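One file, protein_23.tsv, carrying TSV, C-alpha atoms:
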```
chain	number	residue	atom	x	y	z
A	249	MET	CA	78.33	-28.56	-74.73
A	250	THR	CA	80.87	-26.43	-72.87
A	251	ASP	CA	79.96	-23.15	-71.15
A	252	THR	CA	81.22	-19.90	-72.70
A	253	PRO	CA	83.93	-18.40	-70.48
A	254	PRO	CA	82.85	-15.03	-69.03
A	255	PRO	CA	84.74	-11.87	-69.98
A	256	THR	CA	87.51	-10.87	-67.60
A	257	VAL	CA	89.78	-7.85	-67.20
A	258	HIS	CA	92.92	-7.56	-65.06
A	259	LEU	CA	95.69	-5.01	-64.78
A	260	HIS	CA	99.40	-5.73	-64.32
A	261	SER	CA	101.76	-2.90	-63.50
A	262	ASP	CA	105.42	-2.70	-64.43
A	263	GLY	CA	106.48	0.77	-63.27
A	264	GLU	CA	105.21	3.39	-65.68
A	265	GLN	CA	103.88	0.72	-68.11
A	266	VAL	CA	100.68	-1.16	-67.34
A	267	THR	CA	99.19	-4.14	-69.14
A	268	LEU	CA	95.45	-4.74	-69.38
A	269	VAL	CA	94.77	-8.47	-69.64
A	270	LEU	CA	91.52	-9.31	-71.44
A	271	GLY	CA	90.18	-12.86	-71.30
A	272	GLY	CA	87.05	-14.86	-71.97
A	273	SER	CA	84.31	-14.10	-74.45
A	274	TRP	CA	83.61	-10.39	-74.95
A	275	ARG	CA	80.25	-10.58	-76.68
A	276	LEU	CA	77.06	-8.60	-76.26
A	277	ASP	CA	75.16	-11.62	-74.98
A	278	GLN	CA	77.55	-11.69	-71.99
A	279	ARG	CA	77.57	-9.42	-68.97
A	280	LEU	CA	80.51	-7.25	-70.01
A	281	PRO	CA	82.67	-5.38	-67.50
A	282	ARG	CA	81.97	-1.67	-67.39
A	283	LEU	CA	84.48	0.99	-68.32
A	284	LEU	CA	84.24	2.29	-64.76
A	285	ARG	CA	86.07	-0.83	-63.59
A	286	ALA	CA	89.00	-0.17	-65.92
A	287	GLU	CA	89.06	3.43	-64.73
A	288	ARG	CA	89.33	2.28	-61.13
A	289	LEU	CA	92.18	-0.10	-62.04
A	290	LEU	CA	94.09	2.71	-63.75
A	291	ALA	CA	93.53	4.96	-60.76
A	292	GLN	CA	95.49	2.44	-58.66
A	293	VAL	CA	98.60	3.17	-60.79
A	294	PRO	CA	98.86	7.02	-60.82
A	295	ALA	CA	102.38	6.91	-62.27
A	296	ALA	CA	101.29	5.00	-65.40
A	297	THR	CA	102.28	6.63	-68.70
A	298	ARG	CA	101.70	3.77	-71.14
A	299	LEU	CA	98.98	1.14	-71.52
A	300	ARG	CA	99.25	-2.05	-73.57
A	301	PHE	CA	96.89	-4.99	-74.06
A	302	ASP	CA	97.27	-8.75	-73.57
A	303	THR	CA	94.57	-10.73	-75.38
A	304	ALA	CA	96.14	-14.23	-75.28
A	305	ALA	CA	93.28	-15.48	-73.13
A	306	LEU	CA	90.58	-13.88	-75.31
A	307	THR	CA	88.24	-16.56	-76.76
A	308	GLY	CA	85.82	-14.35	-78.72
A	309	TRP	CA	84.69	-10.76	-79.18
A	310	ASP	CA	82.26	-8.51	-81.03
A	311	SER	CA	81.26	-4.84	-80.98
A	312	GLY	CA	81.01	-4.94	-77.18
A	313	LEU	CA	84.80	-5.15	-76.92
A	314	VAL	CA	85.22	-2.44	-79.57
A	315	THR	CA	83.08	-0.07	-77.53
A	316	PHE	CA	85.00	-0.91	-74.35
A	317	VAL	CA	88.43	-0.32	-75.93
A	318	ALA	CA	87.29	2.89	-77.68
A	319	GLY	CA	86.08	4.26	-74.35
A	320	LEU	CA	89.33	3.20	-72.74
A	321	GLU	CA	91.32	5.10	-75.37
A	322	GLN	CA	89.31	8.24	-74.60
A	323	LEU	CA	89.98	7.71	-70.90
A	324	CYS	CA	93.72	7.37	-71.53
A	325	ARG	CA	93.75	10.59	-73.56
A	326	THR	CA	92.17	12.52	-70.70
A	327	ARG	CA	94.75	11.09	-68.25
A	328	GLY	CA	97.74	11.64	-70.57
A	329	ILE	CA	98.44	7.91	-70.94
A	330	ALA	CA	99.73	6.54	-74.25
A	331	CYS	CA	97.53	3.67	-75.45
A	332	ASP	CA	99.30	0.88	-77.41
A	333	VAL	CA	96.77	-1.25	-79.33
A	334	ASP	CA	99.30	-3.56	-81.03
A	335	GLY	CA	98.30	-6.38	-78.67
A	336	LEU	CA	94.71	-6.36	-79.89
A	337	PRO	CA	93.40	-8.61	-82.71
A	338	ALA	CA	93.89	-7.20	-86.21
A	339	GLY	CA	90.17	-6.99	-86.91
A	340	LEU	CA	89.59	-5.08	-83.71
A	341	ARG	CA	92.33	-2.58	-84.59
A	342	LYS	CA	90.72	-1.92	-87.97
A	343	LEU	CA	87.35	-1.25	-86.36
A	344	LEU	CA	89.01	1.15	-83.91
A	345	GLU	CA	90.62	3.04	-86.80
A	346	LEU	CA	87.22	3.31	-88.47
A	347	ALA	CA	85.68	4.60	-85.23
A	348	ARG	CA	88.43	7.23	-84.88
A	349	SER	CA	87.83	8.47	-88.44
A	350	LEU	CA	84.16	9.21	-87.74
A	351	PRO	CA	83.15	12.42	-85.93
A	352	GLN	CA	81.56	12.11	-82.54
A	353	THR	CA	77.80	12.23	-82.90
A	354	GLY	CA	74.99	13.04	-80.57
A	355	ARG	CA	71.34	12.07	-80.67
A	356	GLY	CA	69.90	11.93	-84.14
A	357	GLY	CA	73.33	11.25	-85.66
A	358	HIS	CA	74.34	14.91	-85.83
A	359	ALA	CA	78.02	15.72	-85.45
A	360	MET	CA	78.88	17.15	-82.04
A	361	GLN	CA	80.74	20.43	-82.27
A	362	PRO	CA	82.32	22.18	-79.31
A	363	ALA	CA	80.26	25.18	-78.23
A	364	PRO	CA	81.90	28.38	-79.53
A	365	SER	CA	82.89	31.04	-77.05
A	366	PHE	CA	81.03	34.33	-76.64
A	367	LEU	CA	83.72	36.29	-78.49
A	368	THR	CA	83.65	33.75	-81.33
A	369	ARG	CA	79.89	34.11	-81.71
A	370	LEU	CA	80.12	37.89	-81.46
A	371	GLY	CA	82.81	38.03	-84.15
A	372	GLY	CA	80.84	35.69	-86.39
A	373	ASP	CA	77.70	37.81	-86.03
A	374	ALA	CA	79.68	40.96	-86.81
A	375	LEU	CA	81.15	39.39	-89.97
A	376	ASP	CA	77.69	38.18	-91.03
A	377	LEU	CA	76.30	41.69	-90.51
A	378	ILE	CA	79.08	43.23	-92.61
A	379	GLN	CA	78.55	40.67	-95.37
A	380	SER	CA	74.77	41.13	-95.34
A	381	THR	CA	75.14	44.90	-95.47
A	382	GLY	CA	77.41	44.61	-98.48
A	383	GLU	CA	74.97	42.28	-100.24
A	384	ILE	CA	72.06	44.62	-99.54
A	385	MET	CA	73.97	47.64	-100.85
A	386	GLU	CA	74.98	45.71	-103.97
A	387	PHE	CA	71.37	44.64	-104.55
A	388	PHE	CA	70.03	48.18	-104.23
A	389	GLY	CA	72.80	49.47	-106.49
A	390	GLU	CA	71.90	46.99	-109.21
A	391	GLY	CA	68.21	47.76	-108.67
A	392	THR	CA	68.85	51.47	-109.11
A	393	LEU	CA	70.69	50.83	-112.38
A	394	ALA	CA	67.87	48.58	-113.58
A	395	PHE	CA	65.29	51.27	-112.74
A	396	ARG	CA	67.40	53.82	-114.63
A	397	ARG	CA	67.42	51.57	-117.69
A	398	PHE	CA	63.65	51.25	-117.34
A	399	LEU	CA	63.25	55.04	-117.39
A	400	LEU	CA	65.44	55.16	-120.52
A	401	GLY	CA	63.32	52.43	-122.12
A	402	ARG	CA	66.17	49.91	-122.29
A	403	ALA	CA	65.11	47.48	-119.56
A	404	ARG	CA	64.53	43.91	-120.75
A	405	PHE	CA	61.53	42.20	-119.14
A	406	LYS	CA	58.17	40.79	-120.19
A	407	HIS	CA	55.42	43.36	-119.87
A	408	SER	CA	52.88	40.57	-119.57
A	409	ASP	CA	54.66	39.49	-116.37
A	410	LEU	CA	54.31	43.02	-114.99
A	411	TRP	CA	50.53	43.06	-115.50
A	412	LEU	CA	50.19	39.57	-114.05
A	413	ILE	CA	52.17	40.51	-110.95
A	414	MET	CA	50.11	43.68	-110.56
A	415	GLN	CA	46.95	41.59	-110.63
A	416	GLU	CA	48.30	39.08	-108.10
A	417	ALA	CA	49.65	41.76	-105.75
A	418	GLY	CA	46.71	44.17	-106.23
A	419	ALA	CA	43.28	42.81	-107.14
A	420	ASP	CA	43.87	39.38	-105.60
A	421	ALA	CA	44.87	41.01	-102.29
A	422	LEU	CA	41.68	43.08	-101.94
A	423	PRO	CA	39.75	40.59	-99.74
A	424	ILE	CA	42.44	40.08	-97.09
A	425	VAL	CA	43.48	43.75	-97.05
A	426	GLY	CA	39.84	44.84	-96.75
A	427	LEU	CA	39.09	42.40	-93.92
A	428	VAL	CA	42.16	43.30	-91.87
A	429	SER	CA	41.67	47.04	-92.41
A	430	PHE	CA	38.01	46.90	-91.40
A	431	LEU	CA	38.87	45.03	-88.20
A	432	VAL	CA	41.72	47.44	-87.37
A	433	GLY	CA	39.30	50.35	-87.86
A	434	MET	CA	36.87	48.66	-85.46
A	435	ILE	CA	39.63	48.21	-82.88
A	436	LEU	CA	40.63	51.86	-83.10
A	437	GLY	CA	36.99	52.83	-82.83
A	438	TYR	CA	36.44	50.75	-79.70
A	439	ILE	CA	39.56	52.16	-78.03
A	440	GLY	CA	38.61	55.72	-78.91
A	441	ASP	CA	35.01	55.30	-77.77
A	442	GLN	CA	36.06	53.88	-74.39
A	443	GLN	CA	38.31	56.84	-73.67
A	444	LEU	CA	36.26	59.68	-75.19
A	445	ALA	CA	32.99	58.49	-73.64
A	446	GLU	CA	34.29	59.69	-70.27
A	447	PHE	CA	34.23	63.26	-71.62
A	448	GLY	CA	31.07	62.89	-73.70
A	449	ALA	CA	33.11	63.45	-76.87
A	450	GLN	CA	32.31	60.29	-78.82
A	451	ILE	CA	32.07	62.33	-82.02
A	452	TYR	CA	35.85	62.65	-82.00
A	453	VAL	CA	36.14	58.92	-82.54
A	454	ALA	CA	35.79	59.85	-86.22
A	455	ASP	CA	38.84	62.12	-85.98
A	456	LEU	CA	40.89	59.47	-84.20
A	457	VAL	CA	40.06	56.64	-86.58
A	458	GLY	CA	40.23	58.77	-89.72
A	459	LEU	CA	43.59	60.41	-89.00
A	460	ALA	CA	45.25	57.24	-87.67
A	461	THR	CA	44.05	55.21	-90.64
A	462	VAL	CA	44.84	57.70	-93.40
A	463	ILE	CA	48.20	58.87	-92.06
A	464	GLN	CA	49.70	55.55	-91.01
A	465	MET	CA	47.57	52.50	-90.23
A	466	GLY	CA	46.09	52.00	-93.70
A	467	ALA	CA	49.49	51.95	-95.39
A	468	LEU	CA	51.06	49.98	-92.54
A	469	VAL	CA	48.40	47.27	-92.51
A	470	THR	CA	48.57	46.99	-96.29
A	471	ALA	CA	52.36	46.66	-96.22
A	472	ILE	CA	52.37	44.00	-93.51
A	473	VAL	CA	49.73	41.96	-95.34
A	474	LEU	CA	51.71	42.24	-98.57
A	475	ALA	CA	54.91	41.25	-96.76
A	476	GLY	CA	53.34	37.99	-95.60
A	477	ARG	CA	51.46	37.36	-98.81
A	478	THR	CA	53.33	38.83	-101.77
A	479	GLY	CA	56.86	39.29	-100.42
A	480	ALA	CA	57.00	35.67	-99.31
A	481	ALA	CA	55.71	34.57	-102.73
A	482	PHE	CA	58.43	36.59	-104.47
A	483	ALA	CA	61.13	34.96	-102.32
A	484	ALA	CA	59.72	31.47	-102.88
A	485	ARG	CA	59.43	31.85	-106.66
A	486	ILE	CA	62.85	33.38	-107.19
A	487	GLY	CA	64.38	30.94	-104.69
A	488	THR	CA	62.88	28.01	-106.59
A	489	MET	CA	64.33	29.40	-109.80
A	490	GLN	CA	67.68	29.58	-108.03
A	491	VAL	CA	67.38	25.92	-107.04
A	492	ASN	CA	66.44	24.90	-110.59
A	493	GLU	CA	69.37	26.97	-111.98
A	494	GLU	CA	66.99	29.07	-114.07
A	495	ILE	CA	68.68	32.28	-112.91
A	496	ASP	CA	72.04	30.90	-114.04
A	497	ALA	CA	70.45	30.16	-117.39
A	498	LEU	CA	69.28	33.77	-117.69
A	499	ARG	CA	72.79	35.03	-117.03
A	500	THR	CA	74.15	32.58	-119.61
A	501	LEU	CA	71.73	34.00	-122.18
A	502	GLY	CA	72.92	37.52	-121.36
A	503	ILE	CA	69.68	38.53	-119.60
A	504	SER	CA	69.99	40.41	-116.33
A	505	PRO	CA	67.96	38.70	-113.56
A	506	MET	CA	67.65	42.11	-111.92
A	507	GLU	CA	65.77	43.45	-114.95
A	508	PHE	CA	63.88	40.30	-115.88
A	509	LEU	CA	62.78	39.18	-112.39
A	510	VAL	CA	63.24	41.95	-109.82
A	511	LEU	CA	62.29	45.09	-111.78
A	512	PRO	CA	58.71	44.06	-112.72
A	513	ARG	CA	58.02	43.02	-109.14
A	514	MET	CA	59.36	46.31	-107.80
A	515	LEU	CA	57.27	48.31	-110.28
A	516	ALA	CA	54.14	46.26	-109.55
A	517	LEU	CA	54.27	46.79	-105.79
A	518	ILE	CA	55.27	50.46	-106.05
A	519	ALA	CA	52.22	51.01	-108.25
A	520	MET	CA	49.71	48.83	-106.38
A	521	THR	CA	50.54	49.48	-102.74
A	522	PRO	CA	49.28	53.13	-102.73
A	523	LEU	CA	46.03	52.00	-104.39
A	524	LEU	CA	45.60	49.23	-101.84
A	525	ALA	CA	46.36	51.75	-99.08
A	526	ILE	CA	43.50	54.00	-100.28
A	527	TYR	CA	41.20	50.97	-100.27
A	528	ALA	CA	42.44	50.09	-96.76
A	529	ASP	CA	41.77	53.66	-95.60
A	530	LEU	CA	38.17	53.46	-96.78
A	531	LEU	CA	37.58	50.10	-95.11
A	532	GLY	CA	39.27	51.27	-91.91
A	533	ILE	CA	37.05	54.35	-91.76
A	534	LEU	CA	33.98	52.16	-92.34
A	535	GLY	CA	35.11	49.88	-89.50
A	536	GLY	CA	35.37	52.88	-87.19
A	537	ALA	CA	31.99	54.15	-88.43
A	538	PHE	CA	30.42	50.78	-87.60
A	539	VAL	CA	31.63	51.04	-84.01
A	540	GLY	CA	30.76	54.74	-83.77
A	541	THR	CA	27.17	54.20	-84.89
A	542	VAL	CA	26.49	50.92	-83.07
A	543	VAL	CA	28.39	51.51	-79.80
A	544	GLY	CA	28.84	55.29	-79.63
A	545	GLY	CA	25.35	56.22	-80.78
A	546	ILE	CA	26.62	58.59	-83.50
A	547	THR	CA	24.65	58.90	-86.70
A	548	LEU	CA	26.40	57.75	-89.85
A	549	SER	CA	26.09	61.15	-91.53
A	550	ALA	CA	27.56	62.93	-88.49
A	551	TYR	CA	30.42	60.45	-88.33
A	552	LEU	CA	31.31	60.82	-92.01
A	553	THR	CA	31.03	64.61	-91.84
A	554	GLN	CA	33.40	64.75	-88.86
A	555	THR	CA	35.81	62.44	-90.66
A	556	GLN	CA	35.78	64.70	-93.72
A	557	LEU	CA	36.51	67.75	-91.58
A	558	ALA	CA	39.41	66.02	-89.78
A	559	ILE	CA	41.24	64.66	-92.83
A	560	GLY	CA	43.17	67.01	-95.08
A	561	TRP	CA	45.11	66.53	-98.29
A	562	ASN	CA	48.38	66.65	-96.37
A	563	HIS	CA	47.30	63.57	-94.42
A	564	ILE	CA	46.38	61.70	-97.59
A	565	ILE	CA	49.72	62.61	-99.18
A	566	GLN	CA	51.56	61.28	-96.12
A	567	GLY	CA	49.76	57.96	-96.39
A	568	LEU	CA	50.43	57.63	-100.12
A	569	ILE	CA	54.14	58.43	-99.74
A	570	ALA	CA	54.43	55.93	-96.90
A	571	ALA	CA	52.59	53.27	-98.91
A	572	THR	CA	54.92	53.76	-101.88
A	573	VAL	CA	57.99	53.36	-99.68
A	574	TYR	CA	56.53	50.29	-97.97
A	575	GLY	CA	55.72	48.68	-101.32
A	576	ALA	CA	59.30	49.15	-102.49
A	577	ILE	CA	60.57	47.62	-99.21
A	578	VAL	CA	58.32	44.55	-99.51
A	579	ALA	CA	59.34	43.92	-103.12
A	580	ALA	CA	63.03	44.49	-102.43
A	581	SER	CA	63.02	42.21	-99.36
A	582	GLY	CA	61.29	39.36	-101.18
A	583	CYS	CA	63.50	39.58	-104.27
A	584	LEU	CA	66.69	40.02	-102.22
A	585	ARG	CA	66.11	36.91	-100.12
A	586	GLY	CA	65.07	34.98	-103.21
A	587	MET	CA	68.28	35.91	-105.01
A	588	GLN	CA	70.30	34.94	-101.91
A	589	CYS	CA	68.56	31.55	-101.67
A	590	GLY	CA	70.66	28.39	-101.56
A	591	ARG	CA	70.31	25.33	-103.74
A	592	SER	CA	67.97	23.19	-101.63
A	593	ALA	CA	64.30	22.98	-100.69
A	594	ALA	CA	65.15	23.90	-97.09
A	595	ALA	CA	66.92	27.04	-98.34
A	596	VAL	CA	63.73	28.12	-100.13
A	597	GLY	CA	61.80	27.89	-96.87
A	598	GLU	CA	64.46	29.86	-95.03
A	599	ALA	CA	64.47	32.53	-97.74
A	600	THR	CA	60.69	32.85	-97.53
A	601	THR	CA	60.76	33.30	-93.75
A	602	SER	CA	63.67	35.71	-93.95
A	603	ALA	CA	61.87	37.81	-96.58
A	604	VAL	CA	58.85	38.34	-94.33
A	605	VAL	CA	60.96	39.19	-91.28
A	606	THR	CA	63.21	41.55	-93.25
A	607	ALA	CA	60.25	43.35	-94.82
A	608	ILE	CA	58.40	43.87	-91.52
A	609	VAL	CA	61.51	45.11	-89.71
A	610	PHE	CA	62.34	47.64	-92.42
A	611	ILE	CA	58.69	48.70	-92.70
A	612	VAL	CA	58.60	49.58	-89.01
A	613	ILE	CA	61.91	51.44	-89.30
A	614	ALA	CA	60.67	53.32	-92.36
A	615	ALA	CA	57.43	54.22	-90.56
A	616	ALA	CA	59.37	55.81	-87.70
A	617	VAL	CA	61.72	57.67	-90.04
A	618	LEU	CA	58.88	58.95	-92.25
A	619	THR	CA	56.94	60.17	-89.22
A	620	ILE	CA	59.93	62.23	-88.12
A	621	ILE	CA	60.47	63.58	-91.64
A	622	PHE	CA	56.80	64.54	-92.12
A	623	ASP	CA	56.84	66.36	-88.80
A	624	ALA	CA	60.09	68.15	-89.68
A	625	VAL	CA	58.84	69.40	-93.04
A	626	GLY	CA	55.48	70.46	-91.60
A	627	LEU	CA	53.38	67.94	-93.54
A	628	SER	CA	51.67	66.61	-90.41
```

Would you write out, as structure tokens, the structure that this file holds?
Amino acid sequence: MTDTPPPTVHLHSDGEQVTLVLGGSWRLDQRLPRLLRAERLLAQVPAATRLRFDTAALTGWDSGLVTFVAGLEQLCRTRGIACDVDGLPAGLRKLLELARSLPQTGRGGHAMQPAPSFLTRLGGDALDLIQSTGEIMEFFGEGTLAFRRFLLGRARFKHSDLWLIMQEAGADALPIVGLVSFLVGMILGYIGDQQLAEFGAQIYVADLVGLATVIQMGALVTAIVLAGRTGAAFAARIGTMQVNEEIDALRTLGISPMEFLVLPRMLALIAMTPLLAIYADLLGILGGAFVGTVVGGITLSAYLTQTQLAIGWNHIIQGLIAATVYGAIVAASGCLRGMQCGRSAAAVGEATTSAVVTAIVFIVIAAAVLTIIFDAVGLS
């Protein structure tokens, strides 16, 4: 049995043209020469402009030689050297062509893309913002027309769906809204008691908790809970219908998805969010009363009497207006992201996440704007 000849690599120079002589067996079970060696050989001929191969002494090869030659081609491109592969075996040339046709990949097999410049990313973000703004305006325009048709009695949707959505968004949300509101009321009560105890004015904890809850926190807590619970569900359901092409089927039948899917969800949340906000106000006040009586030493009757004196109808109206606006924002965000959903399961997840983020961001913006408006009109 004869020994397998080891792989060899030599370089012959003929002016600007160099020849790389490959010999022996270039297989993975051999100790193959590294590409660094070929790089050093090329560095000895700085005037080289063309590289060819001589494989007359080559006795065998596999993917090890393909990898070596592919790396050598990349090296020649960086040095501005033309690489002539005509001297390589035909099978090797075909594998090199296949390797060139595939994109460069990194770990996990993902295609490697050059990192875009800062201006490229900035321009892309600006274009995305313009496109998103246009889509949002179009959605609200269609929603306004659908609401107008509803007022005229011409909107086409299933009334049974409206009542079902009202139950899911309203009655089914009572436990979580009540728990969160009660805990928020307790937190406000603890903070107020710690500060007012220094002045011996613990009775005003009732004013602090009552006003903060009725004016803003009750509606805000309700809206945030609905954004994570109901808004995400709207996006997931409509997004799944988008994946299953059910929305396309509605359009084919001449039924407006805006009326059939979006309108009942908008009406349900606009109707139920103020009611949930009132429920949240009551639980928040009870949470503050629990802290005021247990920690602050205030009697329950004194606490409730002080709360009644502090809260006026103008404060309740502010909370109800805010809750109505927040409900519309949650419904619109969930339905918008659901309608924008792609045609895959991953797109449904992205739409759900985007719906929650969009709703919370716009709720906070609306809270700031409404606070300024209420103060300007003297409703505070």

Checklist entry - Out of A:Leu548, A:Val539, A:Ile620, A:Ile533, which residue has the shortest atom-to-atom distance to A:Asp441 when counting only C-alpha atoms? => result A:Val539

Checklist entry - Which residues come within 9 Å of A:Gln588, counting all atoms listed in the file, excluding same-chain residues fewer than 3 positions away, as a list in words? => result Glu383, Gly487, Gln490, Cys583, Leu584, Arg585 and Ala599 of chain A

Item to check | Shortest interatomic distance to A:Ala595 - which of A:Ala607, A:Ala558, A:Val266, A:Val491, counting all atoms listed in the file | outcome: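 Between A:Ala607, A:Ala558, A:Val266, A:Val491, the residue approaching A:Ala595 most closely is A:Val491.
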
Next on the checklist: Please report the interatomic distance between atom CA of A:Asp373 and atom CA of A:Ala594 in Å with one decimal.
Outcome noted: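 Value for the atom CA of A:Asp373-atom CA of A:Ala594 distance: 21.8 Å.
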
Starting from 5 Å padding per side, set up an axis-aligned box that covers all listed atoms of stretch 409-420 of chain A and hand over centre and edge lengths in Å, one decimal, as lines of an AutoDock Vina configuration file.
```
center_x = 49.0
center_y = 41.6
center_z = -111.0
size_x = 21.4
size_y = 15.1
size_z = 20.8
```

Checklist entry - Within 12 Å of A:Val473, counting all atoms listed in the file, which residues qualify if same-chain residues fewer than 3 places away don't, as an MDAnalysis selection string? => result chainID A and resid 417:418 421:429 465:470 476:480 521 524:525 528 574:575 578 604 607:608 611

Checklist entry - Of the candidates A:Ala291, A:Ile378, A:Val617, A:Ala394, which one gets nearest to A:Ile503 if we count only C-alpha atoms? => result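 Closest to A:Ile503 of all the choices is A:Ala394.
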
Item to check | One-decimal distance in Å that lies between atom CA of A:Leu412 and atom CA of A:Ile463 | outcome: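 Atom CA of A:Leu412 lies at a distance of 29.3 Å from atom CA of A:Ile463.
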
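Minimum atom-to-atom distance to A:Gly312, evaluated using only C-alpha atoms, belongs to A:Leu276 out of A:Cys331, A:Leu276, A:Ala296, A:Val605.
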
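The two atoms in question, atom CA of A:Ile518 and atom CA of A:Gly382, are spaced 24.1 Å apart.
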
Within 12 Å of A:Glu264, counting all atoms listed in the file, which residues qualify if same-chain residues fewer than 6 places away don't, as a PDB file with C-alpha atoms, keeping the file's coordinate frame?
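Output saved as result_38.pdb:
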```
ATOM      1  CA  LEU A 290      94.090   2.710 -63.750  1.00  0.00           C
ATOM      2  CA  VAL A 293      98.600   3.170 -60.790  1.00  0.00           C
ATOM      3  CA  PRO A 294      98.860   7.020 -60.820  1.00  0.00           C
ATOM      4  CA  ALA A 295     102.380   6.910 -62.270  1.00  0.00           C
ATOM      5  CA  ALA A 296     101.290   5.000 -65.400  1.00  0.00           C
ATOM      6  CA  THR A 297     102.280   6.630 -68.700  1.00  0.00           C
ATOM      7  CA  ARG A 298     101.700   3.770 -71.140  1.00  0.00           C
ATOM      8  CA  LEU A 299      98.980   1.140 -71.520  1.00  0.00           C
ATOM      9  CA  ARG A 300      99.250  -2.050 -73.570  1.00  0.00           C
ATOM     10  CA  ILE A 329      98.440   7.910 -70.940  1.00  0.00           C
ATOM     11  CA  ALA A 330      99.730   6.540 -74.250  1.00  0.00           C
TER      12      ALA A 330
END
```

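If you measure from each of A:Ala576, A:Leu498, A:Leu530, A:Leu627 to A:Asn562 using all atoms listed in the file, the closest one turns out to be A:Leu627.
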
Checklist entry - Which residues, written as a ChimeraX atom specification, have at least one atom at most 9 Å from A:Gly335, with all atoms listed in the file counted and residues fewer than 5 positions away on the same chain left out? => result /A:300-304

Checklist entry - Quick one: of A:Gln464, A:Ser408, A:Leu377, A:Val317, who's nearest to A:Ala571, counting all atoms listed in the file? => result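 When distances to A:Ala571 are compared using all atoms listed in the file, the smallest one comes from A:Gln464.
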